[in-house]
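Notes follow the structure.
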Amino acid sequence: MINPKFSIIIPTYNEEDDIENTLKNLLELNYTNYNIFIIDDSNDNTPNIIKKYVHKDKKVKLIRPNERRGRCEARNIGIKEADGEILIILNADVHLPKNFINQILVHYKNGADFVLVDSTVENINNLYARYVECEHRYDKNNYKYINSMKWSEGFSIKKKIALKTSLFPSGFHVPIEAGEDVRFGEELEEIGAKKVIDLSIRVSHIAPGNLIEYWRIRKGRGRGTPQIRKFIDNWSYSKIILIECLKVVRFLLKLITIIPMIYHNYKLAKYSNKSVFIDIIVFSYAWIIEQIAFSFGSFESLYEIIKKN
């Protein structure tokens, strides 16, 4: 493995605000043997932006599926179509350091099957983005969390290992929106794939910059929970509803008693670059929005699953 080929896989859906900066970043990598596969399901200007780069650089390849079947299926298409020995799976707002491929290549030369790295939020002056970054920094300092990592931004894997799994869960009547990456990582561990976690390698990404985007992404995470529980874990509807109701009760208790909420956000605010006192207050606001979005997304998704089933 002297100079293996890397394929970067990016599923996109209405990413016109992010994809151009991401492509500019990727075309500046200081490694020559790589290409970029974008699997696009967009109905905005995203494909036109991508086509501009396809015409400009032969490294960039665009795939437009006939039917949108969600992020999982888009990733699976990319994995099958990619011709690289090693795959890097990114979201459309993730930016890699120029020497990223050389950094992870060291681990693949030493026998790694997949590599997890650290990440940081670029736009931390924004309240919602700063909250996301502090959540991550808090988790990173939790030894048990680090050792249990199954996925990260900047995830990479040998293609032959990826193809030994069932890939990302897809083909359901409601596409899975969140949690599928962790399940993919769990399956890799089950088949004995060698995992390497290197937090000295760090990618960056753009976090939600306004309330609408923050709500959309947090709600999407909530939507993924009943999808995973029903389609992958085969839970009954009654069990899913019970668990989601208990989550709502737990949230209300924390909100009413205040102290648990304040203490939680104090622990996050210690990682902030702003005033801890001020961020305890604004993080509490962000936390409340987050919890409501999670619950709203979960029940919305559960209703959709039952209705379509």
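Identifiers for the structure tokens are assigned positionally: chains receive A, B, ... in sequence, residues are indexed from 1 per chain, and ligands are indexed from 1 in the order shown.
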
Point to revise | DSSP-assigned alpha helix (DSSP H) among region 56-270 of chain A, expressed as a PyMOL selection string | key: chain A and resi 56+70-81+100-109+127-140+143-147+159-162+180-190+211-227+237-257+259-269

Residues at most 7 Å from region 69-79 of chain A, counting only C-alpha atoms, excluding those fewer than 4 positions away in the same chain, as a CSV table (one decimal) with N, CA and C atoms, in the first residue's frame?
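See out.csv below for the written result:
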```
chain,number,residue,atom,x,y,z
A,9,ILE,N,-16.8,10.1,-0.7
A,9,ILE,CA,-18.2,9.9,-1.0
A,9,ILE,C,-19.0,11.0,-0.2
A,11,PRO,N,-23.0,12.3,0.1
A,11,PRO,CA,-24.5,12.3,-0.3
A,11,PRO,C,-25.0,13.7,-0.1
A,37,PHE,N,-16.9,11.3,-5.3
A,37,PHE,CA,-18.2,10.9,-5.8
A,37,PHE,C,-19.3,11.6,-5.0
A,39,ILE,N,-23.3,11.9,-4.7
A,39,ILE,CA,-24.6,11.2,-5.0
A,39,ILE,C,-25.7,12.2,-4.6
A,167,LEU,N,-23.9,-2.8,4.6
A,167,LEU,CA,-23.9,-1.4,4.3
A,167,LEU,C,-24.9,-0.6,5.2
A,168,PHE,N,-25.3,0.6,4.7
A,168,PHE,CA,-26.2,1.4,5.6
A,168,PHE,C,-27.6,0.9,5.4
A,169,PRO,N,-28.4,0.9,6.5
A,169,PRO,CA,-29.7,0.3,6.4
A,169,PRO,C,-30.6,1.2,5.5
A,170,SER,N,-31.2,0.6,4.4
A,170,SER,CA,-32.0,1.3,3.5
A,170,SER,C,-33.1,0.3,2.9
A,175,PRO,N,-37.3,6.3,4.8
A,175,PRO,CA,-35.8,6.3,4.8
A,175,PRO,C,-35.3,6.7,6.2
```

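Taking only C-alpha atoms into account, Ile38 (chain A) lies nearest to A:Thr22 out of the set A:Thr22, A:Asn99, A:Ser204, A:Ser275.
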
Point to revise | Which of region 121-284 of chain A fall in strand (DSSP E or B), as a VMD selection string | key: chain A and resid 121 155 to 158 195 to 205

Kindly save the residues from that selection, with C-alpha atoms included, as a PDB file, in the first residue's frame.
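As a result, selection.pdb now contains:
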```pdb
ATOM      1  CA  VAL A 121     -17.171  23.485  14.460  1.00  0.00           C
ATOM      2  CA  PHE A 155     -14.997   8.695   8.631  1.00  0.00           C
ATOM      3  CA  SER A 156     -12.859   6.469   6.380  1.00  0.00           C
ATOM      4  CA  ILE A 157     -12.784   2.749   5.621  1.00  0.00           C
ATOM      5  CA  LYS A 158     -11.267   0.190   3.274  1.00  0.00           C
ATOM      6  CA  LYS A 195     -10.774   0.311  14.327  1.00  0.00           C
ATOM      7  CA  VAL A 196      -8.350   3.164  14.928  1.00  0.00           C
ATOM      8  CA  ILE A 197      -9.344   6.366  16.754  1.00  0.00           C
ATOM      9  CA  ASP A 198      -6.923   9.253  16.209  1.00  0.00           C
ATOM     10  CA  LEU A 199      -8.134  12.479  17.794  1.00  0.00           C
ATOM     11  CA  SER A 200      -4.967  14.298  16.747  1.00  0.00           C
ATOM     12  CA  ILE A 201      -6.480  14.366  13.243  1.00  0.00           C
ATOM     13  CA  ARG A 202      -9.210  16.977  13.102  1.00  0.00           C
ATOM     14  CA  VAL A 203     -11.700  17.927  10.407  1.00  0.00           C
ATOM     15  CA  SER A 204     -14.018  20.933  10.587  1.00  0.00           C
ATOM     16  CA  HIS A 205     -17.659  21.423   9.725  1.00  0.00           C
TER      17      HIS A 205
END
```

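Between CA of Lys308 (chain A) and CA of Ala178 (chain A) the interatomic distance comes to 18.8 Å.
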
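Nearest residue to Gly222 (chain A) among A:Leu127, A:Leu302, A:Leu188, A:Ile50 is A:Leu302, counting only C-alpha atoms.
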
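Of the listed residues (A:Ile232, A:Cys245, A:Ile306, A:Leu252), A:Ile232 comes nearest to Gly179 (chain A); the distances count only C-alpha atoms.
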
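Of note, CA of Val276 (chain A) and CA of Pro260 (chain A) are spaced 16.5 Å apart.
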
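Counting only C-alpha atoms and comparing A:Gly154, A:Lys24, A:Lys51, A:Lys267, the residue that lies closest to Asn142 (chain A) is A:Lys267.
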
Practice item. Please identify all polymer residues within 8 Å of Tyr131 (chain A), counting only C-alpha atoms, omitting same-chain residues fewer than 5 positions from it, and present them as an MDAnalysis selection string. Key: chainID A and resid 268 283 286

Would you mind exporting N, CA and C atoms of the selected residues as an mmCIF file, in the first residue's frame?
```cif
data_model
loop_
_atom_site.group_PDB
_atom_site.id
_atom_site.type_symbol
_atom_site.label_atom_id
_atom_site.label_comp_id
_atom_site.auth_asym_id
_atom_site.auth_seq_id
_atom_site.Cartn_x
_atom_site.Cartn_y
_atom_site.Cartn_z
ATOM 1 N N LEU A 268 -21.234 22.088 29.919
ATOM 2 C CA LEU A 268 -20.945 22.397 28.515
ATOM 3 C C LEU A 268 -20.279 23.764 28.382
ATOM 4 N N PHE A 283 -27.217 28.468 26.534
ATOM 5 C CA PHE A 283 -27.193 27.029 26.277
ATOM 6 C C PHE A 283 -28.451 26.362 26.813
ATOM 7 N N ALA A 286 -30.880 26.783 24.133
ATOM 8 C CA ALA A 286 -30.588 25.869 23.024
ATOM 9 C C ALA A 286 -30.956 24.429 23.401
#
```

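Going from CA of Leu116 (chain A) to CA of Arg137 (chain A) covers 15.5 Å.
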
Practice item. Find the residues near Glu28 (chain A): any atom within 10 Å, counting only C-alpha atoms, skip ones fewer than 2 places away on the same chain, and give them as a count of residues only. Key: 11

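Closest approach to Glu190 (chain A) from the set A:Trp287, A:Asn265, A:Glu67, A:Thr165 is made by A:Thr165, with distances taken over only C-alpha atoms.
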
Within 9 Å of Lys59 (chain A), counting only C-alpha atoms, which residues show up once you throw out same-chain ones fewer than 6 positions away? Write them as a PDB file with C-alpha atoms, in the first residue's frame, please.
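Everything below was put into around-v3.pdb:
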```pdb
ATOM      1  CA  LEU A  27      -9.649  19.901  -4.538  1.00  0.00           C
ATOM      2  CA  TYR A  34      -8.128  10.406  -5.199  1.00  0.00           C
ATOM      3  CA  ASN A  35     -11.514  11.251  -6.637  1.00  0.00           C
ATOM      4  CA  ILE A  36     -14.832  12.585  -5.370  1.00  0.00           C
ATOM      5  CA  PHE A  37     -18.204  10.875  -5.830  1.00  0.00           C
ATOM      6  CA  TYR A  53     -16.794  21.339 -10.856  1.00  0.00           C
TER       7      TYR A  53
END
```

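The smallest atom-to-atom distance between Asn126 (chain A) and any of A:Ile161, A:Ala193, A:Val182, A:Val282, using only C-alpha atoms, is found for A:Val282.
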